[in-house]
Amino acid sequence: MSLQLCTISPDLKELLRKFRFRRATNNAAIIMKVHQQSSEIILDEELEDIEDMDDLRNSIPDTQPRYVLISWRINHSDGRVSFPMAFIFTTPRDCQPQLQMMYAGSYNYMIKECDLTKVFQVRDIEELDDDWIQTNLNK
């Protein structure tokens with residue numbers, strides 16, 4: 001059983017569903033945040049055609065938590081190309097405790113809603129670089 005402190009906006013639920021079944025061959029991400037007043041998880045930003053991890057990292061605040069759903073192009077050593085999806089929870093050490101609790105309390109619920117097996121937590125946004133993505137999504 002997972003604790004659910006926040007709800008997901010209906011528009012975001014539909015966007016998540018479409019994102020999971022997308023057929024595009026570009027790097028893309030959905031960045032989600034918690035709207036504190038309504039306790040609802042909403043879309044913060046949708047990114048298409050991301051060049052590299054710097055573009056993604058620059059879109060994620062380094063002082064507030066975020067949920068990030070990514071689809072990333074991976075070129076394998078044997079010539080194959082894949083587009084794995086992953087759920088990333090960024091939770092900076094120095095953010096407000098109340099906000100951190102809202103995100104942590106809805107973490108398992110979001111993983112279930114996104115229905116992905118590649119799930120990561122990142123404390124320092126600077127960890128997200130091209131090496132990180134190749135190492136973690138290549139598994």
# chains A, B, ... in the order shown; residues from 1 in each chain; ligands from 1

$ closest_atom_pairs --of "segment 27-82 of chain A" --to "segment 101-114 of chain A" --cutoff "12 Å" --atoms "only C-alpha atoms" --output "CSV"
residue,atom,partner,partner_atom,distance
A:Ile30,CA,A:Cys114,CA,11.2
A:Met32,CA,A:Met110,CA,10.2
A:Lys33,CA,A:Tyr103,CA,8.4
A:Val34,CA,A:Tyr103,CA,7.1
A:His35,CA,A:Met102,CA,9.8
A:Gln36,CA,A:Met102,CA,8.3
A:Gln37,CA,A:Met102,CA,11.4
A:Ser38,CA,A:Met102,CA,11.5
A:Ser39,CA,A:Met102,CA,8.0
A:Glu40,CA,A:Met102,CA,9.9
A:Ile41,CA,A:Ser106,CA,9.0
A:Ile42,CA,A:Met110,CA,11.6
A:Gln64,CA,A:Tyr103,CA,9.9
A:Pro65,CA,A:Tyr103,CA,7.0
A:Arg66,CA,A:Tyr103,CA,7.8
A:Tyr67,CA,A:Met110,CA,8.3
A:Val68,CA,A:Met110,CA,10.3
A:Leu69,CA,A:Cys114,CA,8.0
A:Ile70,CA,A:Cys114,CA,10.8

$ select_by_dssp --residues "chain A" --states "strand (DSSP E)" --output "NGL selection string"
:A and (7-8 or 28-35 or 40-47 or 66-71 or 74-75 or 81-82 or 85-90 or 119-122)

$ residues_around --residues "segment 123-132 of chain A" --least-positions-apart "4" --cutoff "12 Å" --atoms "only C-alpha atoms" --output "JSON, numbers by chain"
{"A": [50, 51, 52, 53, 54, 55, 56, 57, 58, 59, 60, 61, 62, 63, 64, 65, 66, 68, 72, 73, 74, 88, 89, 90, 91, 92, 93, 94, 95, 100, 136, 137, 138, 139]}

$ closest_residue --among "A:Asn75, A:Phe83, A:Leu5, A:Pro10" --to "Asn26 of chain A" --atoms "only C-alpha atoms"
A:Phe83

$ residues_around --residues "Phe19 of chain A" --least-positions-apart "3" --cutoff "10 Å" --atoms "only C-alpha atoms" --output "MDAnalysis selection string"
chainID A and resid 13:16 22:24 28:30 69:71 85 114

$ write_last_selection --atoms "N, CA, C and O atoms" --output "PDB file, in the first residue's frame"
ATOM      1  N   LYS A  13      -2.495  13.030 -15.956  1.00  0.00           N
ATOM      2  CA  LYS A  13      -2.674  11.581 -16.111  1.00  0.00           C
ATOM      3  C   LYS A  13      -2.735  11.211 -17.592  1.00  0.00           C
ATOM      4  O   LYS A  13      -2.124  10.243 -18.021  1.00  0.00           O
ATOM      5  N   GLU A  14      -3.485  11.979 -18.351  1.00  0.00           N
ATOM      6  CA  GLU A  14      -3.613  11.706 -19.786  1.00  0.00           C
ATOM      7  C   GLU A  14      -2.283  11.922 -20.496  1.00  0.00           C
ATOM      8  O   GLU A  14      -1.888  11.137 -21.363  1.00  0.00           O
ATOM      9  N   LEU A  15      -1.552  12.960 -20.125  1.00  0.00           N
ATOM     10  CA  LEU A  15      -0.241  13.233 -20.721  1.00  0.00           C
ATOM     11  C   LEU A  15       0.742  12.101 -20.412  1.00  0.00           C
ATOM     12  O   LEU A  15       1.499  11.670 -21.288  1.00  0.00           O
ATOM     13  N   LEU A  16       0.724  11.585 -19.192  1.00  0.00           N
ATOM     14  CA  LEU A  16       1.589  10.470 -18.810  1.00  0.00           C
ATOM     15  C   LEU A  16       1.274   9.232 -19.638  1.00  0.00           C
ATOM     16  O   LEU A  16       2.173   8.532 -20.103  1.00  0.00           O
ATOM     17  N   ARG A  22       4.346   6.737 -26.605  1.00  0.00           N
ATOM     18  CA  ARG A  22       4.820   7.557 -27.725  1.00  0.00           C
ATOM     19  C   ARG A  22       5.736   6.740 -28.625  1.00  0.00           C
ATOM     20  O   ARG A  22       6.379   5.795 -28.205  1.00  0.00           O
ATOM     21  N   ARG A  23       5.790   7.131 -29.871  1.00  0.00           N
ATOM     22  CA  ARG A  23       6.627   6.440 -30.847  1.00  0.00           C
ATOM     23  C   ARG A  23       7.750   7.340 -31.377  1.00  0.00           C
ATOM     24  O   ARG A  23       8.488   6.939 -32.257  1.00  0.00           O
ATOM     25  N   ALA A  24       7.862   8.510 -30.845  1.00  0.00           N
ATOM     26  CA  ALA A  24       8.885   9.451 -31.297  1.00  0.00           C
ATOM     27  C   ALA A  24      10.282   8.918 -30.991  1.00  0.00           C
ATOM     28  O   ALA A  24      10.467   8.126 -30.069  1.00  0.00           O
ATOM     29  N   ALA A  28      12.987  13.122 -24.723  1.00  0.00           N
ATOM     30  CA  ALA A  28      11.892  13.945 -24.217  1.00  0.00           C
ATOM     31  C   ALA A  28      11.739  13.736 -22.720  1.00  0.00           C
ATOM     32  O   ALA A  28      12.207  12.735 -22.168  1.00  0.00           O
ATOM     33  N   ALA A  29      11.073  14.693 -22.083  1.00  0.00           N
ATOM     34  CA  ALA A  29      10.859  14.596 -20.636  1.00  0.00           C
ATOM     35  C   ALA A  29       9.589  15.336 -20.244  1.00  0.00           C
ATOM     36  O   ALA A  29       9.185  16.299 -20.901  1.00  0.00           O
ATOM     37  N   ILE A  30       9.000  14.852 -19.165  1.00  0.00           N
ATOM     38  CA  ILE A  30       7.895  15.549 -18.521  1.00  0.00           C
ATOM     39  C   ILE A  30       8.361  15.842 -17.100  1.00  0.00           C
ATOM     40  O   ILE A  30       8.727  14.931 -16.364  1.00  0.00           O
ATOM     41  N   LEU A  69       9.848  12.316 -15.762  1.00  0.00           N
ATOM     42  CA  LEU A  69       9.661  11.130 -16.592  1.00  0.00           C
ATOM     43  C   LEU A  69      10.427  11.388 -17.883  1.00  0.00           C
ATOM     44  O   LEU A  69      10.197  12.414 -18.536  1.00  0.00           O
ATOM     45  N   ILE A  70      11.375  10.492 -18.224  1.00  0.00           N
ATOM     46  CA  ILE A  70      12.182  10.718 -19.418  1.00  0.00           C
ATOM     47  C   ILE A  70      12.105   9.532 -20.373  1.00  0.00           C
ATOM     48  O   ILE A  70      11.891   8.397 -19.965  1.00  0.00           O
ATOM     49  N   SER A  71      12.270   9.853 -21.633  1.00  0.00           N
ATOM     50  CA  SER A  71      12.476   8.865 -22.691  1.00  0.00           C
ATOM     51  C   SER A  71      13.770   9.300 -23.367  1.00  0.00           C
ATOM     52  O   SER A  71      13.879  10.435 -23.843  1.00  0.00           O
ATOM     53  N   MET A  85      12.534   4.343 -20.938  1.00  0.00           N
ATOM     54  CA  MET A  85      11.909   5.388 -20.130  1.00  0.00           C
ATOM     55  C   MET A  85      12.304   5.166 -18.689  1.00  0.00           C
ATOM     56  O   MET A  85      12.534   4.037 -18.260  1.00  0.00           O
ATOM     57  N   CYS A 114       3.033   5.944 -13.232  1.00  0.00           N
ATOM     58  CA  CYS A 114       3.885   5.981 -14.429  1.00  0.00           C
ATOM     59  C   CYS A 114       4.144   4.574 -14.968  1.00  0.00           C
ATOM     60  O   CYS A 114       4.485   4.413 -16.135  1.00  0.00           O
TER      61      CYS A 114
END
